[in-house]
Structures are given as C-alpha cells and as structure tokens.
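Chemist: Take a look at this one; I'll ask things after.
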Amino acid sequence: MKSEIPLDTATPRAHTAQLTASPKGASIGRRIARQQLTAWGLNSIATETFHSALLVIAELAANASTHGRVPGRGFELALRLVDKPPGGATLRIEVSDCRGDRHPTVPAACAAHAQSGRGLTLVGALADRWGSIPRHPNAKTVWAELDLPHAA
C-alpha cells in the first residue's frame, strides 16, 4: 500500500475560519476542520494523523472559547499543509484568541477526579511540536504541528 499525501498546487493548502468564542463556535470549528482535512484526503491516507489532528483542534478550540474568551471578540482557526522535503509534509494548526495575557501552560499534575486540566497534556502527546506566540496587538496564537507520512 502506498501512503502518499497529495500536495498538488491545484488544491488549496490553507484554510482559515473566524469563529465566535463560545461552545457553539468551538463546535463549528471542529466541524470545519473535519471537512477541510477530509477534503485534503487525510482521513483516508493518514488516518492516525487525521484523528490526532481532530483531537488537537477540539482541545485548542475549546481552550480559545473558554480561557481565551473576550466578550464581543471571537477566535481564529487556521489549518495549513506545509511541504517538508524530501517528500514529507506537516499539518500546522493555529488557534488565535484575544487573551495575549494568558499563555498556555501544561499543569505539573492533575488530580484523578479533576474535570479539567488535561487538554494541553493531550496536545503535547499527540502533536510533534506545539507552542504559543504573541499576536499583535494583545492576542496570542497557540499552534501545533503534526508530521504526515512520507511518500513511499
């Protein structure tokens, strides 16, 4: 079986969506991401990466709508496929919110009965790389990258 990510220039390799900072906005973001990743063929040729990406997107969108929420402001979801020579590619996920004063941190430990606090640990386990960067004027972007299988 040949594992190949089709990255021809005819197919758009970037998608951005502006969403409301609410549970409904996070839900719509997850749906948009699933549709876009499916359109790029990741669901059939990189299934593990596809499912990992959906979990990462769900967590980052939930964080943006919960911890990054500023009344009257939304968040942005950006997806990009980036060529990585020779023959590989990376899926870059970016979620930008309006709370530049609140940077993500992975908790040292989480109580067994805690209802929250495990999300960024999950992102760290699923993504090959992740972090956050400031965004002008007072915002931030939390990003994660997942490497896709090399062409056979």
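By convention here, the chains of the structure tokens are called A, B, ... in the order presented, each chain's residues are numbered starting at 1, and ligands are numbered starting at 1 in the order presented.
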Sorted by chain and rising residue number, list the residues of stretch 19-119 of chain A at most 10 Å from stretch 136-151 of chain A (counting only C-alpha atoms), each with its closest atom pair and distance in Å to one decimal, as a Markdown table.
Modeler:
```
| residue | atom | partner | partner_atom | distance |
| --- | --- | --- | --- | --- |
| A:Leu42 | CA | A:Leu148 | CA | 8.9 |
| A:Ile45 | CA | A:Pro149 | CA | 8.7 |
| A:Ala46 | CA | A:Leu148 | CA | 6.9 |
| A:Thr47 | CA | A:Leu148 | CA | 9.9 |
| A:Glu48 | CA | A:Leu148 | CA | 9.3 |
| A:Thr49 | CA | A:Leu148 | CA | 6.7 |
| A:Phe50 | CA | A:Leu148 | CA | 9.3 |
| A:Ser52 | CA | A:Leu146 | CA | 8.3 |
| A:Ala53 | CA | A:Leu146 | CA | 7.3 |
| A:Val56 | CA | A:Ala144 | CA | 7.7 |
| A:Ile57 | CA | A:Ala144 | CA | 8.9 |
| A:Leu60 | CA | A:Val142 | CA | 7.4 |
| A:Ala61 | CA | A:Val142 | CA | 9.9 |
| A:Asn63 | CA | A:Val142 | CA | 9.8 |
| A:Ala64 | CA | A:Val142 | CA | 9.0 |
| A:Gly68 | CA | A:Ala139 | CA | 8.9 |
| A:Phe75 | CA | A:Thr141 | CA | 9.6 |
| A:Glu76 | CA | A:Thr141 | CA | 8.8 |
| A:Leu77 | CA | A:Thr141 | CA | 9.5 |
| A:Ala78 | CA | A:Trp143 | CA | 9.2 |
| A:Leu79 | CA | A:Trp143 | CA | 9.8 |
| A:Arg80 | CA | A:Glu145 | CA | 9.5 |
| A:Leu81 | CA | A:Leu148 | CA | 9.3 |
| A:Val82 | CA | A:Asp147 | CA | 9.5 |
| A:Asp83 | CA | A:Leu148 | CA | 9.8 |
| A:Lys84 | CA | A:Asp147 | CA | 8.9 |
| A:Pro85 | CA | A:His150 | CA | 9.3 |
| A:Pro86 | CA | A:His150 | CA | 8.1 |
| A:Gly87 | CA | A:His150 | CA | 5.5 |
| A:Gly88 | CA | A:His150 | CA | 4.4 |
| A:Ala89 | CA | A:Leu148 | CA | 5.4 |
| A:Thr90 | CA | A:Asp147 | CA | 4.4 |
| A:Leu91 | CA | A:Leu146 | CA | 5.2 |
| A:Arg92 | CA | A:Glu145 | CA | 4.5 |
| A:Ile93 | CA | A:Ala144 | CA | 5.2 |
| A:Glu94 | CA | A:Trp143 | CA | 4.3 |
| A:Val95 | CA | A:Val142 | CA | 5.4 |
| A:Ser96 | CA | A:Thr141 | CA | 4.1 |
| A:Asp97 | CA | A:Ala139 | CA | 5.8 |
| A:Cys98 | CA | A:Ala139 | CA | 4.3 |
| A:Arg99 | CA | A:Ala139 | CA | 5.0 |
| A:Gly100 | CA | A:Ala139 | CA | 3.7 |
| A:Asp101 | CA | A:Asn138 | CA | 7.3 |
| A:Arg102 | CA | A:Lys140 | CA | 8.3 |
| A:His103 | CA | A:Lys140 | CA | 7.6 |
| A:Pro104 | CA | A:Val142 | CA | 7.8 |
```
Chemist: Pick out each residue of stretch 16-152 of chain A that DSSP on the backbone tags as alpha helix (DSSP H); I need them as an mmCIF file with N, CA and C atoms, in the first residue's frame.
Modeler:
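Writing the result to out.cif gives the following:
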```cif
data_model
loop_
_atom_site.group_PDB
_atom_site.id
_atom_site.type_symbol
_atom_site.label_atom_id
_atom_site.label_comp_id
_atom_site.auth_asym_id
_atom_site.auth_seq_id
_atom_site.Cartn_x
_atom_site.Cartn_y
_atom_site.Cartn_z
ATOM 1 N N PRO A 23 -19.058 27.847 23.090
ATOM 2 C CA PRO A 23 -19.076 26.406 22.803
ATOM 3 C C PRO A 23 -19.572 26.104 21.385
ATOM 4 N N LYS A 24 -20.547 26.873 20.900
ATOM 5 C CA LYS A 24 -21.038 26.662 19.534
ATOM 6 C C LYS A 24 -19.948 26.992 18.511
ATOM 7 N N GLY A 25 -19.187 28.064 18.746
ATOM 8 C CA GLY A 25 -18.086 28.407 17.855
ATOM 9 C C GLY A 25 -17.028 27.314 17.823
ATOM 10 N N ALA A 26 -16.714 26.735 18.983
ATOM 11 C CA ALA A 26 -15.746 25.638 19.039
ATOM 12 C C ALA A 26 -16.270 24.427 18.279
ATOM 13 N N SER A 27 -17.559 24.156 18.417
ATOM 14 C CA SER A 27 -18.179 23.035 17.701
ATOM 15 C C SER A 27 -18.127 23.247 16.192
ATOM 16 N N ILE A 28 -18.437 24.446 15.751
ATOM 17 C CA ILE A 28 -18.382 24.761 14.320
ATOM 18 C C ILE A 28 -16.939 24.639 13.822
ATOM 19 N N GLY A 29 -15.983 25.082 14.620
ATOM 20 C CA GLY A 29 -14.571 24.962 14.253
ATOM 21 C C GLY A 29 -14.156 23.515 14.066
ATOM 22 N N ARG A 30 -14.617 22.637 14.948
ATOM 23 C CA ARG A 30 -14.307 21.206 14.812
ATOM 24 C C ARG A 30 -14.907 20.650 13.525
ATOM 25 N N ARG A 31 -16.124 21.056 13.213
ATOM 26 C CA ARG A 31 -16.792 20.584 12.001
ATOM 27 C C ARG A 31 -16.069 21.082 10.748
ATOM 28 N N ILE A 32 -15.705 22.359 10.736
ATOM 29 C CA ILE A 32 -14.965 22.929 9.607
ATOM 30 C C ILE A 32 -13.635 22.195 9.419
ATOM 31 N N ALA A 33 -12.933 21.944 10.524
ATOM 32 C CA ALA A 33 -11.641 21.259 10.445
ATOM 33 C C ALA A 33 -11.798 19.853 9.876
ATOM 34 N N ARG A 34 -12.809 19.127 10.348
ATOM 35 C CA ARG A 34 -13.036 17.773 9.833
ATOM 36 C C ARG A 34 -13.298 17.806 8.332
ATOM 37 N N GLN A 35 -14.120 18.752 7.882
ATOM 38 C CA GLN A 35 -14.414 18.860 6.451
ATOM 39 C C GLN A 35 -13.161 19.203 5.651
ATOM 40 N N GLN A 36 -12.341 20.119 6.154
ATOM 41 C CA GLN A 36 -11.155 20.530 5.418
ATOM 42 C C GLN A 36 -10.121 19.411 5.368
ATOM 43 N N LEU A 37 -9.881 18.753 6.487
ATOM 44 C CA LEU A 37 -8.911 17.656 6.497
ATOM 45 C C LEU A 37 -9.379 16.507 5.608
ATOM 46 N N THR A 38 -10.692 16.274 5.559
ATOM 47 C CA THR A 38 -11.243 15.255 4.675
ATOM 48 C C THR A 38 -11.062 15.663 3.215
ATOM 49 N N ALA A 39 -11.286 16.941 2.915
ATOM 50 C CA ALA A 39 -11.097 17.433 1.543
ATOM 51 C C ALA A 39 -9.641 17.272 1.100
ATOM 52 N N LEU A 42 -6.745 13.516 4.202
ATOM 53 C CA LEU A 42 -6.040 12.968 5.364
ATOM 54 C C LEU A 42 -6.807 11.836 6.027
ATOM 55 N N ASN A 43 -8.126 11.838 5.929
ATOM 56 C CA ASN A 43 -8.918 10.789 6.567
ATOM 57 C C ASN A 43 -8.671 9.419 5.953
ATOM 58 N N SER A 44 -8.247 9.361 4.691
ATOM 59 C CA SER A 44 -8.040 8.064 4.047
ATOM 60 C C SER A 44 -6.574 7.690 3.894
ATOM 61 N N ILE A 45 -5.677 8.660 3.844
ATOM 62 C CA ILE A 45 -4.274 8.317 3.607
ATOM 63 C C ILE A 45 -3.368 8.576 4.799
ATOM 64 N N THR A 47 -4.735 8.287 8.404
ATOM 65 C CA THR A 47 -5.843 8.215 9.361
ATOM 66 C C THR A 47 -5.416 8.519 10.791
ATOM 67 N N GLU A 48 -4.270 8.052 11.212
ATOM 68 C CA GLU A 48 -3.819 8.330 12.578
ATOM 69 C C GLU A 48 -3.606 9.831 12.774
ATOM 70 N N THR A 49 -2.950 10.464 11.816
ATOM 71 C CA THR A 49 -2.730 11.907 11.886
ATOM 72 C C THR A 49 -4.058 12.652 11.830
ATOM 73 N N PHE A 50 -4.974 12.188 11.002
ATOM 74 C CA PHE A 50 -6.301 12.794 10.881
ATOM 75 C C PHE A 50 -7.014 12.823 12.236
ATOM 76 N N HIS A 51 -7.069 11.690 12.906
ATOM 77 C CA HIS A 51 -7.768 11.615 14.188
ATOM 78 C C HIS A 51 -7.030 12.385 15.284
ATOM 79 N N SER A 52 -5.712 12.323 15.272
ATOM 80 C CA SER A 52 -4.938 13.110 16.240
ATOM 81 C C SER A 52 -5.178 14.594 16.036
ATOM 82 N N ALA A 53 -5.196 15.034 14.773
ATOM 83 C CA ALA A 53 -5.422 16.449 14.467
ATOM 84 C C ALA A 53 -6.795 16.895 14.961
ATOM 85 N N LEU A 54 -7.812 16.063 14.779
ATOM 86 C CA LEU A 54 -9.157 16.425 15.243
ATOM 87 C C LEU A 54 -9.195 16.603 16.753
ATOM 88 N N LEU A 55 -8.483 15.759 17.488
ATOM 89 C CA LEU A 55 -8.430 15.909 18.945
ATOM 90 C C LEU A 55 -7.685 17.180 19.348
ATOM 91 N N VAL A 56 -6.578 17.469 18.674
ATOM 92 C CA VAL A 56 -5.810 18.689 18.967
ATOM 93 C C VAL A 56 -6.667 19.919 18.674
ATOM 94 N N ILE A 57 -7.340 19.925 17.540
ATOM 95 C CA ILE A 57 -8.196 21.058 17.167
ATOM 96 C C ILE A 57 -9.320 21.230 18.180
ATOM 97 N N ALA A 58 -9.933 20.138 18.598
ATOM 98 C CA ALA A 58 -11.013 20.215 19.583
ATOM 99 C C ALA A 58 -10.517 20.845 20.878
ATOM 100 N N GLU A 59 -9.357 20.447 21.334
ATOM 101 C CA GLU A 59 -8.823 20.991 22.584
ATOM 102 C C GLU A 59 -8.457 22.456 22.454
ATOM 103 N N LEU A 60 -7.762 22.820 21.375
ATOM 104 C CA LEU A 60 -7.358 24.222 21.218
ATOM 105 C C LEU A 60 -8.563 25.137 21.006
ATOM 106 N N ALA A 61 -9.572 24.669 20.282
ATOM 107 C CA ALA A 61 -10.788 25.469 20.091
ATOM 108 C C ALA A 61 -11.544 25.624 21.410
ATOM 109 N N ALA A 62 -11.616 24.558 22.191
ATOM 110 C CA ALA A 62 -12.276 24.639 23.497
ATOM 111 C C ALA A 62 -11.538 25.606 24.414
ATOM 112 N N ASN A 63 -10.216 25.553 24.402
ATOM 113 C CA ASN A 63 -9.436 26.485 25.224
ATOM 114 C C ASN A 63 -9.654 27.926 24.789
ATOM 115 N N ALA A 64 -9.692 28.163 23.484
ATOM 116 C CA ALA A 64 -9.896 29.525 22.979
ATOM 117 C C ALA A 64 -11.260 30.061 23.376
ATOM 118 N N SER A 65 -12.279 29.198 23.331
ATOM 119 C CA SER A 65 -13.626 29.664 23.656
ATOM 120 C C SER A 65 -13.865 29.735 25.164
ATOM 121 N N THR A 66 -13.020 29.083 25.951
ATOM 122 C CA THR A 66 -13.176 29.107 27.409
ATOM 123 C C THR A 66 -12.187 30.061 28.074
ATOM 124 N N GLY A 119 -6.027 18.889 28.913
ATOM 125 C CA GLY A 119 -6.068 19.171 27.488
ATOM 126 C C GLY A 119 -4.724 19.415 26.846
ATOM 127 N N LEU A 120 -3.911 20.277 27.436
ATOM 128 C CA LEU A 120 -2.613 20.580 26.829
ATOM 129 C C LEU A 120 -1.646 19.412 26.964
ATOM 130 N N THR A 121 -1.837 18.568 27.979
ATOM 131 C CA THR A 121 -1.050 17.345 28.074
ATOM 132 C C THR A 121 -1.381 16.445 26.879
ATOM 133 N N LEU A 122 -2.662 16.387 26.522
ATOM 134 C CA LEU A 122 -3.099 15.620 25.353
ATOM 135 C C LEU A 122 -2.516 16.208 24.065
ATOM 136 N N VAL A 123 -2.548 17.536 23.939
ATOM 137 C CA VAL A 123 -1.971 18.192 22.762
ATOM 138 C C VAL A 123 -0.485 17.842 22.649
ATOM 139 N N GLY A 124 0.231 17.922 23.770
ATOM 140 C CA GLY A 124 1.654 17.600 23.772
ATOM 141 C C GLY A 124 1.937 16.160 23.386
ATOM 142 N N ALA A 125 1.044 15.252 23.757
ATOM 143 C CA ALA A 125 1.234 13.839 23.433
ATOM 144 C C ALA A 125 0.932 13.546 21.967
ATOM 145 N N LEU A 126 -0.029 14.258 21.384
ATOM 146 C CA LEU A 126 -0.446 13.968 20.013
ATOM 147 C C LEU A 126 0.332 14.734 18.956
#
```
